[in-house]
$ cat my_file-v8.cif   # mmCIF, C-alpha atoms
data_data
loop_
_atom_site.label_atom_id
_atom_site.label_comp_id
_atom_site.auth_asym_id
_atom_site.auth_seq_id
_atom_site.Cartn_x
_atom_site.Cartn_y
_atom_site.Cartn_z
CA MET T 197 12.75 13.40 -15.22
CA SER T 198 13.59 15.06 -18.50
CA ALA T 199 12.34 18.41 -19.73
CA SER T 200 9.19 16.88 -21.19
CA HIS T 201 7.63 15.97 -17.82
CA PRO T 202 6.14 18.12 -15.06
CA VAL T 203 8.34 18.80 -12.03
CA PRO T 204 7.38 16.86 -8.85
CA GLU T 205 5.90 20.01 -7.27
CA THR T 206 3.46 20.28 -10.15
CA LEU T 207 2.40 16.64 -9.79
CA ALA T 208 1.90 17.17 -6.05
CA ALA T 209 -0.24 20.24 -6.74
CA TYR T 210 -2.26 18.24 -9.28
CA ALA T 211 -2.80 15.37 -6.84
CA SER T 212 -3.75 17.61 -3.93
CA GLY T 213 -6.17 19.72 -5.98
CA GLY T 214 -3.96 22.80 -5.84
CA LEU T 215 -3.90 23.43 -9.60
CA LYS T 216 -6.38 25.60 -11.41
CA THR T 217 -8.60 24.02 -14.05
CA GLY T 218 -6.61 25.03 -17.14
CA ALA T 219 -3.42 23.66 -15.62
CA ARG T 220 -5.25 20.46 -14.61
CA LEU T 221 -6.40 20.04 -18.19
CA VAL T 222 -2.86 20.45 -19.51
CA LEU T 223 -1.57 17.98 -16.90
CA SER T 224 -4.31 15.47 -17.66
CA VAL T 225 -3.27 15.37 -21.33
CA HIS T 226 0.26 14.52 -20.23
CA LEU T 227 -0.93 11.95 -17.68
CA ARG T 228 -2.94 10.14 -20.33
CA ALA T 229 0.26 9.61 -22.27
CA CYS T 230 2.82 9.15 -19.49
CA ALA T 231 2.72 6.04 -17.30
CA ALA T 232 5.64 7.21 -15.12
CA CYS T 233 3.95 10.48 -14.11
CA ARG T 234 0.66 8.66 -13.63
CA LYS T 235 2.36 6.33 -11.21
CA GLN T 236 3.79 9.30 -9.30
CA THR T 237 0.34 10.87 -9.17
CA GLU T 238 -1.23 7.68 -7.90
CA ARG T 239 1.42 7.49 -5.19
CA LEU T 240 0.56 11.05 -4.10
CA GLU T 241 -3.14 10.24 -4.13
CA ARG T 242 -2.46 7.28 -1.84
CA LEU T 243 -0.78 9.74 0.51
CA GLY T 244 -3.88 11.94 0.33
CA GLY T 245 -6.04 8.90 1.08
CA ALA T 246 -3.96 7.96 4.10
CA LEU T 247 -4.15 11.52 5.46
CA LEU T 248 -7.90 11.52 4.87
CA ALA T 249 -8.29 8.23 6.73
CA ASP T 250 -6.45 9.71 9.72
CA GLU T 251 -8.33 13.00 9.64
CA PRO T 252 -10.29 13.75 12.85
CA PRO T 253 -13.96 13.73 11.78
CA ALA T 254 -16.16 16.83 11.59
CA ALA T 255 -19.64 15.61 12.54
CA MET T 256 -22.25 15.65 9.80
CA GLU T 257 -25.64 17.21 10.57
CA ALA T 258 -28.42 15.06 12.01
CA GLY T 259 -30.18 13.09 9.27
CA ALA T 260 -27.27 13.40 6.84
CA LEU T 261 -27.07 9.66 6.21
CA ALA T 262 -30.85 9.35 5.67
CA ARG T 263 -30.69 12.21 3.17
CA ALA T 264 -27.83 10.56 1.32
CA LEU T 265 -29.59 7.18 1.18
CA ALA T 266 -32.76 8.84 -0.11
CA ALA T 267 -30.78 10.59 -2.82
CA LEU T 268 -28.91 7.51 -4.08
CA ASP T 269 -31.29 6.47 -6.82
CA ALA T 270 -32.21 9.97 -7.91
CA ALA T 271 -28.60 11.10 -8.11
CA GLU T 272 -27.96 12.56 -11.54
CA PRO T 273 -24.32 13.14 -12.34
CA PRO T 274 -23.57 16.80 -13.08
CA ARG T 275 -22.84 17.59 -16.72
CA ARG T 276 -19.16 17.76 -17.44
CA MET T 277 -17.29 19.07 -20.43
CA GLY T 278 -14.76 16.61 -21.82
CA LEU T 279 -11.50 17.75 -23.34
CA ASP T 280 -12.74 17.24 -26.91
CA GLU T 281 -15.76 19.45 -26.25
CA ALA T 282 -13.62 22.00 -24.42
CA MET T 283 -11.36 22.32 -27.44
CA ARG T 284 -14.27 23.11 -29.74
CA GLN T 285 -14.95 26.32 -27.77
CA GLY T 286 -13.73 29.66 -29.01
CA ILE T 287 -12.64 31.02 -32.37
CA TRP T 288 -9.35 30.48 -34.14
CA LEU T 289 -7.44 33.67 -34.84
CA PRO T 290 -4.77 33.49 -37.52
CA LEU T 291 -1.40 34.84 -36.45
CA GLY T 292 0.39 34.29 -39.75
CA PRO T 293 0.62 31.71 -42.50
CA GLY T 294 -0.25 28.29 -41.08
CA VAL T 295 -0.34 29.58 -37.51
CA ALA T 296 -3.43 30.21 -35.39
CA ILE T 297 -4.35 30.53 -31.75
CA LYS T 298 -7.59 30.43 -29.82
CA ARG T 299 -8.41 31.18 -26.25
CA LEU T 300 -10.46 28.71 -24.23
CA GLY T 301 -11.89 31.34 -21.93
CA ARG T 302 -14.60 29.48 -20.05
CA ILE T 303 -12.50 26.40 -19.46
CA ALA T 304 -9.79 28.20 -17.54
CA ASP T 305 -10.23 29.45 -13.98
CA PRO T 306 -10.10 33.19 -13.30
CA GLY T 307 -6.48 34.38 -13.49
CA GLU T 308 -5.52 31.69 -15.98
CA ARG T 309 -5.07 32.01 -19.71
CA LEU T 310 -5.63 28.83 -21.66
CA PHE T 311 -4.87 28.62 -25.37
CA LEU T 312 -4.91 26.15 -28.19
CA ILE T 313 -1.99 26.84 -30.52
CA ARG T 314 -1.76 25.42 -34.01
CA ALA T 315 1.16 25.62 -36.41
CA ALA T 316 1.67 23.91 -39.76
CA GLY T 317 4.86 21.84 -40.13
CA GLY T 318 7.93 24.06 -40.34
CA ARG T 319 6.09 27.15 -39.08
CA PRO T 320 7.13 28.87 -35.86
CA LEU T 321 4.66 28.75 -32.99
CA PRO T 322 3.94 32.32 -31.86
CA GLU T 323 7.04 33.57 -30.09
CA HIS T 324 6.20 34.62 -26.60
CA GLY T 325 7.46 35.33 -23.18
CA HIS T 326 5.08 35.41 -20.25
CA THR T 327 4.69 37.22 -16.98
CA GLY T 328 3.82 34.02 -15.13
CA PRO T 329 4.87 30.38 -15.50
CA GLU T 330 3.70 28.58 -18.63
CA ARG T 331 2.74 24.95 -19.02
CA LEU T 332 2.35 23.59 -22.50
CA VAL T 333 1.47 20.12 -23.72
CA VAL T 334 1.58 18.68 -27.23
CA LEU T 335 -1.72 17.22 -28.45
CA ALA T 336 -0.63 16.31 -31.96
CA GLY T 337 2.44 16.65 -34.13
CA ALA T 338 5.69 17.87 -32.61
CA PHE T 339 7.76 21.01 -32.17
CA GLU T 340 11.32 21.81 -31.31
CA ASP T 341 13.06 24.69 -29.61
CA ALA T 342 16.56 25.34 -28.30
CA GLN T 343 16.05 22.77 -25.52
CA GLY T 344 14.89 19.86 -27.64
CA ARG T 345 12.08 18.14 -29.49
CA TYR T 346 8.62 17.58 -28.04
CA GLY T 347 6.05 15.11 -29.32
CA GLN T 348 2.52 14.04 -28.41
CA GLY T 349 1.88 14.11 -24.67
CA ASP T 350 5.16 15.88 -23.83
CA LEU T 351 4.78 18.67 -21.32
CA VAL T 352 6.98 21.75 -21.02
CA GLU T 353 7.08 24.01 -17.97
CA ARG T 354 8.77 27.34 -18.32
CA GLY T 355 9.48 30.20 -15.96
CA PRO T 356 8.35 33.75 -16.66
CA GLN T 357 11.80 34.87 -17.79
CA ASP T 358 12.14 32.24 -20.50
CA ARG T 359 11.68 33.37 -24.04
CA HIS T 360 11.61 30.60 -26.54
CA GLN T 361 11.10 30.13 -30.24
CA PRO T 362 9.39 26.80 -30.83
CA ILE T 363 9.02 25.61 -34.42
CA ALA T 364 6.56 22.93 -35.56
CA CYS T 365 8.42 19.92 -36.92
CA GLU T 366 8.17 19.37 -40.67
CA GLY T 367 5.46 17.21 -42.12
CA GLU T 368 2.68 17.50 -39.57
CA THR T 369 0.56 20.21 -38.02
CA CYS T 370 1.47 20.76 -34.39
CA LEU T 371 -1.35 21.32 -31.93
CA CYS T 372 -0.62 22.37 -28.34
CA ILE T 373 -2.49 23.55 -25.28
CA SER T 374 -0.79 26.24 -23.25
CA VAL T 375 -1.76 27.71 -19.91
CA THR T 376 -0.21 30.73 -18.21
CA GLU T 377 -1.07 32.52 -15.03
CA GLY T 378 -0.02 35.96 -16.22
CA PRO T 379 -0.61 37.89 -19.45
CA LEU T 380 1.33 36.60 -22.42
CA LYS T 381 3.94 38.81 -24.01
CA LEU T 382 3.69 38.12 -27.70
CA SER T 383 6.36 39.66 -29.84
CA GLY T 384 6.69 40.79 -33.44
CA VAL T 385 3.79 40.50 -35.79
CA ALA T 386 1.69 38.66 -33.22
CA ARG T 387 1.49 41.72 -30.98
CA TRP T 388 -1.42 43.38 -32.70
CA VAL T 389 -3.74 40.58 -31.79
CA GLN T 390 -2.99 40.79 -28.08
CA PRO T 391 -5.66 43.35 -27.10
CA MET T 392 -8.17 41.53 -29.24
CA LEU T 393 -7.55 38.19 -27.56
CA GLY T 394 -7.39 39.74 -24.16
CA VAL T 395 -4.11 37.96 -23.54
CA MET N 1116 -11.18 24.15 -38.81
CA ASP N 1117 -10.14 22.16 -35.83
CA VAL N 1118 -7.26 19.81 -36.34
CA ALA N 1119 -8.08 16.18 -35.90
CA PHE N 1120 -5.78 14.32 -33.57
CA ALA N 1121 -5.69 10.90 -32.05
CA TRP N 1122 -5.37 10.40 -28.33
CA PRO N 1123 -2.32 8.62 -27.13
CA SER N 1124 -3.78 5.33 -26.05
CA PRO N 1125 -3.73 4.93 -22.28
CA ASP N 1126 -0.89 2.49 -21.79
CA ARG N 1127 -2.00 1.41 -18.38
CA PRO N 1128 -1.65 -2.34 -18.16
CA THR N 1129 -4.69 -4.33 -17.21
CA PRO N 1130 -4.44 -5.57 -13.64
CA PRO N 1131 -2.92 -9.03 -13.42
CA ARG N 1132 -5.32 -11.79 -12.54
CA ARG N 1133 -4.70 -13.17 -9.12
CA ALA N 1134 -5.95 -16.24 -7.38
CA PRO N 1135 -9.26 -15.50 -5.65
CA VAL N 1136 -8.84 -14.92 -1.96
CA SER N 1137 -11.35 -15.03 0.83
CA ALA N 1138 -12.79 -11.77 2.08
CA PRO N 1139 -10.81 -9.85 4.67
CA GLY N 1140 -11.31 -11.19 8.17
CA PRO N 1141 -13.02 -9.45 11.08
CA GLU N 1142 -12.40 -5.75 10.79
CA ASP N 1143 -12.24 -2.83 13.10
CA ALA N 1144 -13.30 0.75 12.41
CA GLU N 1145 -10.23 1.13 10.25
CA ARG N 1146 -11.39 -1.38 7.70
CA PRO N 1147 -10.07 -0.22 4.33
CA ALA N 1148 -12.57 1.38 2.00
CA ALA N 1149 -11.86 -0.74 -1.08
CA ALA N 1150 -14.08 -3.68 -0.06
CA GLN N 1151 -17.10 -1.41 0.39
CA ILE N 1152 -16.53 0.48 -2.84
CA LEU N 1153 -16.31 -2.82 -4.73
CA ALA N 1154 -19.50 -4.05 -3.03
CA ILE N 1155 -21.28 -0.91 -4.27
CA ALA N 1156 -19.85 -1.40 -7.77
CA GLU N 1157 -20.84 -5.06 -7.96
CA ARG N 1158 -24.28 -5.10 -6.41
CA GLY N 1159 -25.33 -1.59 -5.43
CA ASP N 1160 -24.82 -2.56 -1.80
CA ARG N 1161 -26.55 0.05 0.37
CA SER N 1162 -25.19 -1.27 3.64
CA ALA N 1163 -21.67 -0.94 2.25
CA PHE N 1164 -22.52 2.65 1.33
CA THR N 1165 -23.83 3.24 4.84
CA LEU N 1166 -20.54 1.99 6.33
CA LEU N 1167 -18.56 4.24 4.00
CA PHE N 1168 -20.75 7.23 4.71
CA VAL N 1169 -20.56 6.89 8.48
CA ARG N 1170 -16.80 6.60 8.39
CA PHE N 1171 -15.81 8.93 5.57
CA ALA N 1172 -18.44 11.68 5.27
CA PRO N 1173 -17.21 13.35 8.50
CA LYS N 1174 -13.57 13.01 7.38
CA VAL N 1175 -14.36 14.42 3.95
CA LYS N 1176 -16.22 17.27 5.63
CA ALA N 1177 -13.21 17.96 7.85
CA PHE N 1178 -10.94 18.00 4.77
CA LEU N 1179 -13.28 20.41 2.97
CA ILE N 1180 -13.33 22.69 6.02
CA ARG N 1181 -9.52 22.68 6.09
CA ARG N 1182 -9.54 23.77 2.45
CA GLY N 1183 -12.00 26.57 3.16
CA ALA N 1184 -14.97 25.15 1.20
CA ALA N 1185 -18.05 27.39 1.32
CA ALA N 1186 -20.63 24.68 2.16
CA PRO N 1187 -18.71 21.70 3.53
CA GLU N 1188 -21.78 19.76 4.68
CA GLU N 1189 -23.49 19.84 1.25
CA LEU N 1190 -20.23 19.25 -0.54
CA ALA N 1191 -19.44 16.22 1.66
CA GLN N 1192 -22.89 14.87 0.74
CA GLU N 1193 -22.07 15.36 -2.93
CA VAL N 1194 -18.75 13.60 -2.54
CA MET N 1195 -20.43 10.58 -0.98
CA LEU N 1196 -23.07 10.50 -3.75
CA SER N 1197 -20.24 10.57 -6.29
CA VAL N 1198 -18.69 7.61 -4.50
CA TRP N 1199 -21.97 5.75 -5.03
CA ARG N 1200 -22.31 6.76 -8.68
CA LYS N 1201 -18.70 6.23 -9.69
CA ALA N 1202 -17.97 3.05 -7.73
CA ALA N 1203 -17.77 1.02 -10.96
CA TYR N 1204 -14.79 3.13 -12.03
CA PHE N 1205 -12.79 2.38 -8.88
CA ASP N 1206 -9.76 0.33 -9.85
CA PRO N 1207 -7.93 -1.25 -6.91
CA ALA N 1208 -4.89 -1.74 -9.15
CA ARG N 1209 -4.47 2.03 -9.38
CA GLY N 1210 -4.68 2.90 -5.72
CA THR N 1211 -6.41 2.46 -2.41
CA GLY N 1212 -10.10 3.13 -1.79
CA GLU N 1213 -9.08 5.97 0.50
CA ALA N 1214 -7.00 7.55 -2.28
CA TRP N 1215 -9.97 7.26 -4.62
CA ILE N 1216 -12.30 9.00 -2.14
CA PHE N 1217 -9.63 11.65 -1.56
CA ALA N 1218 -9.45 12.32 -5.32
CA ILE N 1219 -13.24 12.65 -5.52
CA ALA N 1220 -13.23 15.11 -2.60
CA ARG N 1221 -10.41 17.10 -4.17
CA ASN N 1222 -12.29 17.28 -7.50
CA ALA N 1223 -15.51 18.29 -5.73
CA LEU N 1224 -13.64 21.19 -4.20
CA ILE N 1225 -12.56 22.40 -7.64
CA ASP N 1226 -16.09 21.87 -9.02
CA SER N 1227 -17.65 23.92 -6.25
CA LEU N 1228 -15.37 26.87 -6.97
CA ARG N 1229 -16.29 26.72 -10.65
CA ARG N 1230 -20.00 26.45 -9.90
CA GLN N 1231 -19.81 29.53 -7.67
CA ARG N 1232 -18.40 31.42 -10.64
CA GLY N 1233 -20.92 30.07 -13.14
CA LEU N 1234 -18.27 28.20 -15.10
CA PRO N 1235 -18.92 24.81 -16.76
CA LEU N 1236 -17.55 21.73 -15.03
CA VAL N 1237 -14.65 20.08 -16.80
CA GLU N 1238 -13.69 16.41 -16.87
CA MET N 1239 -10.61 16.19 -14.69
CA ASP N 1240 -9.35 12.64 -14.49
CA PRO N 1241 -7.04 11.52 -17.26
CA VAL N 1242 -8.23 7.94 -17.33
CA ALA N 1243 -11.68 8.25 -15.77
CA GLY N 1244 -13.84 5.47 -17.07
CA ALA N 1245 -10.99 3.90 -19.00
CA SER N 1246 -10.66 0.93 -16.69
CA GLU N 1247 -12.16 -2.49 -16.98
CA PRO N 1248 -14.48 -3.35 -14.12
CA THR N 1249 -12.48 -5.22 -11.54
CA ARG N 1250 -13.46 -8.26 -9.54
CA GLY N 1251 -13.04 -9.02 -5.91
CA ASP N 1252 -9.84 -10.96 -6.34
CA VAL N 1253 -7.78 -7.81 -5.94
CA GLU N 1254 -9.83 -6.72 -2.95
CA LEU N 1255 -7.57 -8.09 -0.27
CA GLU N 1256 -4.52 -6.67 -1.95
CA ALA N 1257 -6.12 -3.22 -2.10
CA ALA N 1258 -6.97 -3.49 1.57
CA GLN N 1259 -3.39 -4.41 2.42
CA ASP N 1260 -2.12 -1.46 0.38
CA ALA N 1261 -4.34 0.91 2.32
CA ARG N 1262 -2.98 -0.38 5.62
CA ARG N 1263 0.61 -0.13 4.48
CA VAL N 1264 0.20 3.41 3.20
CA ARG N 1265 -1.33 4.49 6.48
CA ALA N 1266 1.44 2.78 8.37
CA ALA N 1267 3.97 4.61 6.17
CA VAL N 1268 2.44 7.97 7.02
CA ARG N 1269 2.24 7.12 10.70
CA ALA N 1270 5.91 6.13 10.67
CA LEU N 1271 6.86 9.75 10.00
CA SER N 1272 7.75 12.00 12.92
CA PRO N 1273 4.96 14.31 14.15
CA GLU N 1274 6.94 17.28 12.79
CA GLN N 1275 7.14 15.65 9.37
CA ILE N 1276 3.45 14.76 9.33
CA GLU N 1277 2.66 18.35 10.22
CA VAL N 1278 4.47 19.86 7.23
CA VAL N 1279 3.24 17.18 4.83
CA LYS N 1280 -0.30 17.82 5.97
CA LEU N 1281 -0.06 21.60 5.70
CA SER N 1282 1.63 21.45 2.32
CA PHE N 1283 -0.13 18.61 0.58
CA PHE N 1284 -3.44 18.12 2.34
CA ASP N 1285 -4.16 21.79 3.10
CA ASP N 1286 -2.40 23.08 -0.04
CA ARG N 1287 -0.63 25.89 1.84
CA PRO N 1288 2.38 27.63 0.28
CA HIS N 1289 5.74 27.05 1.99
CA PRO N 1290 6.15 30.64 3.28
CA GLU N 1291 2.77 30.45 4.98
CA ILE N 1292 3.69 27.13 6.62
CA ALA N 1293 6.95 28.66 7.85
CA GLU N 1294 5.08 31.58 9.36
CA ARG N 1295 2.43 29.41 10.95
CA LEU N 1296 4.97 27.07 12.55
CA GLY N 1297 7.41 29.84 13.40
CA LEU N 1298 10.19 28.10 11.43
CA PRO N 1299 12.69 29.39 8.88
CA LEU N 1300 11.56 28.75 5.30
CA GLY N 1301 14.61 26.58 4.67
CA THR N 1302 13.68 24.32 7.59
CA VAL N 1303 10.16 23.83 6.25
CA LYS N 1304 11.50 22.96 2.81
CA SER N 1305 14.13 20.52 4.04
CA ARG N 1306 11.69 18.89 6.46
CA LEU N 1307 9.19 18.44 3.66
CA ARG N 1308 11.83 17.09 1.32
CA LEU N 1309 12.97 14.53 3.88
CA ALA N 1310 9.42 13.48 4.65
CA MET N 1311 8.53 13.02 0.99
CA LYS N 1312 11.73 11.11 0.38
CA ARG N 1313 10.93 8.78 3.22
CA LEU N 1314 7.34 8.37 2.13
CA ARG N 1315 8.48 7.69 -1.38
CA SER N 1316 10.56 4.72 -0.42
CA LEU N 1317 7.78 3.44 1.82
CA LEU N 1318 5.07 3.94 -0.78
CA ASP N 1319 7.17 2.37 -3.50
CA GLU N 1320 6.95 -0.90 -1.66
CA VAL N 1321 3.20 -0.82 -2.08
CA ARG N 1322 3.44 -1.28 -5.84
#

$ encode --input "my_file-v8.cif" --output "structure tokens"
Amino acid sequence: MSASHPVPETLAAYASGGLKTGARLVLSVHLRACAACRKQTERLERLGGALLADEPPAAMEAGALARALAALDAAEPPRRMGLDEAMRQGIWLPLGPGVAIKRLGRIADPGERLFLIRAAGGRPLPEHGHTGPERLVVLAGAFEDAQGRYGQGDLVERGPQDRHQPIACEGETCLCISVTEGPLKLSGVARWVQPMLGV
Amino acid sequence: MDVAFAWPSPDRPTPPRRAPVSAPGPEDAERPAAAQILAIAERGDRSAFTLLFVRFAPKVKAFLIRRGAAAPEELAQEVMLSVWRKAAYFDPARGTGEAWIFAIARNALIDSLRRQRGLPLVEMDPVAGASEPTRGDVELEAAQDARRVRAAVRALSPEQIEVVKLSFFDDRPHPEIAERLGLPLGTVKSRLRLAMKRLRSLLDEVR
């Protein structure tokens, strides 16, 4: 796997339900675009299914089946926010010419920080380090940093010690979703906005 | 001032058409789930749902208990209702019926945590609803897959199954597994790596 795919541990955590919601969202954008990672995920889900099938049962309460059968026709699916709707939440905050960021607060789980980042072609994405691991996926456009070029659907995982300076590729606005588990460490001119964003 | 963007189109190939096959023969209690899920999808088959419920609700409940769910009984009910509602989205070309139920249970677990915190539920499957309805001609194949995957897991040593279960099924971090089993961390990691490697080659044969 190259640098634009999640590591196997991340796919396993996704498949087993061990990822928080913001990270799941970031992964799901990548999985839409990447057949190879989807195949890996499906393989892990088959493992989950086999373990489930072998799981010693925990008896349901008396009348459980009758209750379920009675509920079948009435069952209303719970309302769910799709990714498009999720991305309309929040307010864009400009961080410089052609660059803006917004926090998707109610989409992320507690402890997570989920951001949409937007940079016009040729503009740097906000430079940042982070106190926890970061996962970032490209929704539109492309950016490059010292490690390479990342286009739509590419996913980057970085450790807390990595500092990187991604720049949106010329010609197209780059839109990314980023999730971190610790507070971001923005540097330079972007710092002032940190308390305001609660990052 | 949101930026418009186009989704990468899901490049999942449509399942190949296969010659129709007769239904699976006489089955024991381990009959794979795919046939019943497809029966629900095709004709709202309540007896198929009953079979699934009797077999899987207690297993789903056990899984939810392992994961520390707050109300495993109610949540297991919800999972089974989701199975009924979403049956049309089950695609045997993507995985076994058991894997599909597992994914629903896993998502229900995440939903319940968000509900407890008053957070909105978020769509979690990358290609949910993107599949064409499938017909019964892939049913037998799905059933065979389910058997082979189970056989692959059962072919592991008990020690390997134990670490796979704790790590993947229970979602426990490696240090905690090491402590619980009284093993060095390195042993847990290498055991897990070997087990996954073995499973990988076995599961690859499925598709």

$ atom_distance --input "my_file-v8.cif" --atom1 "CA of His201 in chain T" --atom2 "CA of Leu351 in chain T"
5.3 Å

$ residues_around --input "my_file-v8.cif" --residues "Leu1196 in chain N" --least-positions-apart "3" --cutoff "7 Å" --atoms "all atoms listed in the file" --output "PyMOL selection string"
(chain T and resi 264+268) or (chain N and resi 1192-1193+1199-1200)

$ interface_residues --input "my_file-v8.cif" --of "chain T" --to "chain N" --cutoff "7 Å" --atoms "only C-alpha atoms" --output "ChimeraX atom specification"
/T:212-214,220-221,224-225,227-229,231,238-239,241-246,248-249,251-256,261,264,268,275-279,302,336

$ closest_residue --input "my_file-v8.cif" --among "T:Ala262, T:Ala209, T:Ile287, T:Ala219" --to "Glu330 in chain T" --atoms "only C-alpha atoms"
T:Ala219

$ resolve_selection --input "my_file-v8.cif" --expression "the PyMOL selection byres ((chain N and resi 1203) around 7)" --output "VMD selection string"
chain N and resid 1156 1201 to 1202 1204 to 1205 1248

$ atom_distance --input "my_file-v8.cif" --atom1 "CA of Val1198 in chain N" --atom2 "CA of Arg1230 in chain N"
19.6 Å

$ residues_near_point --input "my_file-v8.cif" --point "(4.5, 18.3, -19.2)" --cutoff "10 Å" --atoms "only C-alpha atoms" --output "number ranges by chain"
T: 198-203, 206-207, 222-227, 230, 233, 331-334, 346, 349-353

$ residues_around --input "my_file-v8.cif" --residues "range 337-343 of chain T" --least-positions-apart "6" --cutoff "8 Å" --atoms "only C-alpha atoms" --output "PyMOL selection string"
chain T and resi 360-365+368-371

$ write_last_selection --input "my_file-v8.cif" --atoms "C-alpha atoms" --output "mmCIF file, keeping the file's coordinate frame"
data_model
loop_
_atom_site.group_PDB
_atom_site.id
_atom_site.type_symbol
_atom_site.label_atom_id
_atom_site.label_comp_id
_atom_site.auth_asym_id
_atom_site.auth_seq_id
_atom_site.Cartn_x
_atom_site.Cartn_y
_atom_site.Cartn_z
ATOM 1 C CA HIS T 360 11.610 30.600 -26.540
ATOM 2 C CA GLN T 361 11.100 30.130 -30.240
ATOM 3 C CA PRO T 362 9.390 26.800 -30.830
ATOM 4 C CA ILE T 363 9.020 25.610 -34.420
ATOM 5 C CA ALA T 364 6.560 22.930 -35.560
ATOM 6 C CA CYS T 365 8.420 19.920 -36.920
ATOM 7 C CA GLU T 368 2.680 17.500 -39.570
ATOM 8 C CA THR T 369 0.560 20.210 -38.020
ATOM 9 C CA CYS T 370 1.470 20.760 -34.390
ATOM 10 C CA LEU T 371 -1.350 21.320 -31.930
#

$ axis_aligned_box --input "my_file-v8.cif" --around "range 1222-1227 of chain N" --padding-each-side "3 Å" --output "lines of an AutoDock Vina configuration file"
center_x = -15.0
center_y = 20.6
center_z = -6.6
size_x = 11.4
size_y = 12.6
size_z = 10.8

$ atom_distance --input "my_file-v8.cif" --atom1 "CA of Leu289 in chain T" --atom2 "CA of Leu312 in chain T"
10.4 Å

$ residues_near_point --input "my_file-v8.cif" --point "(-8.1, 19.0, -28.1)" --cutoff "8 Å" --atoms "all atoms listed in the file" --output "number ranges by chain"
T: 279-284, 312, 335, 373; N: 1120

$ resolve_selection --input "my_file-v8.cif" --expression "the PyMOL selection byres ((chain T and resi 298) around 9)" --output "list in words"
Gln285, Gly286, Ile287, Trp288, Leu289, Pro290, Ala296, Ile297, Arg299, Leu300, Leu310, Phe311, Leu312, Ile313, Arg314 and Leu393 of chain T

$ write_last_selection --input "my_file-v8.cif" --atoms "C-alpha atoms" --output "compact mmCIF listing (two decimals), in the frame of the given file"
# COMPACT_ATOMS: atom_id res chain seq x y z
CA GLN T 285 -14.95 26.32 -27.77
CA GLY T 286 -13.73 29.66 -29.01
CA ILE T 287 -12.64 31.02 -32.37
CA TRP T 288 -9.35 30.48 -34.14
CA LEU T 289 -7.44 33.67 -34.84
CA PRO T 290 -4.77 33.49 -37.52
CA ALA T 296 -3.43 30.21 -35.39
CA ILE T 297 -4.35 30.53 -31.75
CA ARG T 299 -8.41 31.18 -26.25
CA LEU T 300 -10.46 28.71 -24.23
CA LEU T 310 -5.63 28.83 -21.66
CA PHE T 311 -4.87 28.62 -25.37
CA LEU T 312 -4.91 26.15 -28.19
CA ILE T 313 -1.99 26.84 -30.52
CA ARG T 314 -1.76 25.42 -34.01
CA LEU T 393 -7.55 38.19 -27.56

$ decode --input "my_file-v8.cif" --residues "range 252-286 of chain T" --atoms "C-alpha atoms" --output "PDB file, in the first residue's frame"
ATOM      1  CA  PRO T 252     -22.110 -18.539  22.048  1.00  0.00           C
ATOM      2  CA  PRO T 253     -25.629 -17.057  22.242  1.00  0.00           C
ATOM      3  CA  ALA T 254     -26.854 -14.788  25.031  1.00  0.00           C
ATOM      4  CA  ALA T 255     -30.546 -15.649  25.439  1.00  0.00           C
ATOM      5  CA  MET T 256     -33.025 -12.963  24.447  1.00  0.00           C
ATOM      6  CA  GLU T 257     -35.827 -12.125  26.884  1.00  0.00           C
ATOM      7  CA  ALA T 258     -39.118 -14.020  26.697  1.00  0.00           C
ATOM      8  CA  GLY T 259     -41.352 -12.619  23.962  1.00  0.00           C
ATOM      9  CA  ALA T 260     -38.463 -10.977  22.104  1.00  0.00           C
ATOM     10  CA  LEU T 261     -39.334 -12.607  18.792  1.00  0.00           C
ATOM     11  CA  ALA T 262     -43.039 -11.699  19.089  1.00  0.00           C
ATOM     12  CA  ARG T 263     -42.067  -8.093  19.798  1.00  0.00           C
ATOM     13  CA  ALA T 264     -39.781  -8.021  16.783  1.00  0.00           C
ATOM     14  CA  LEU T 265     -42.434  -9.510  14.476  1.00  0.00           C
ATOM     15  CA  ALA T 266     -44.996  -6.992  15.722  1.00  0.00           C
ATOM     16  CA  ALA T 267     -42.580  -4.152  15.028  1.00  0.00           C
ATOM     17  CA  LEU T 268     -41.668  -5.194  11.478  1.00  0.00           C
ATOM     18  CA  ASP T 269     -44.231  -3.156   9.597  1.00  0.00           C
ATOM     19  CA  ALA T 270     -44.107  -0.144  11.880  1.00  0.00           C
ATOM     20  CA  ALA T 271     -40.325   0.033  11.820  1.00  0.00           C
ATOM     21  CA  GLU T 272     -39.286   3.522  10.779  1.00  0.00           C
ATOM     22  CA  PRO T 273     -35.620   3.866   9.931  1.00  0.00           C
ATOM     23  CA  PRO T 274     -33.857   6.400  12.163  1.00  0.00           C
ATOM     24  CA  ARG T 275     -32.915   9.661  10.469  1.00  0.00           C
ATOM     25  CA  ARG T 276     -29.338   9.710   9.338  1.00  0.00           C
ATOM     26  CA  MET T 277     -27.163  12.540   8.164  1.00  0.00           C
ATOM     27  CA  GLY T 278     -25.430  11.849   4.867  1.00  0.00           C
ATOM     28  CA  LEU T 279     -21.973  13.168   4.110  1.00  0.00           C
ATOM     29  CA  ASP T 280     -23.293  15.978   1.894  1.00  0.00           C
ATOM     30  CA  GLU T 281     -25.555  17.198   4.680  1.00  0.00           C
ATOM     31  CA  ALA T 282     -22.785  16.792   7.249  1.00  0.00           C
ATOM     32  CA  MET T 283     -20.521  19.024   5.204  1.00  0.00           C
ATOM     33  CA  ARG T 284     -23.072  21.831   5.126  1.00  0.00           C
ATOM     34  CA  GLN T 285     -22.816  22.159   8.928  1.00  0.00           C
ATOM     35  CA  GLY T 286     -20.695  24.838  10.508  1.00  0.00           C
TER      36      GLY T 286
END
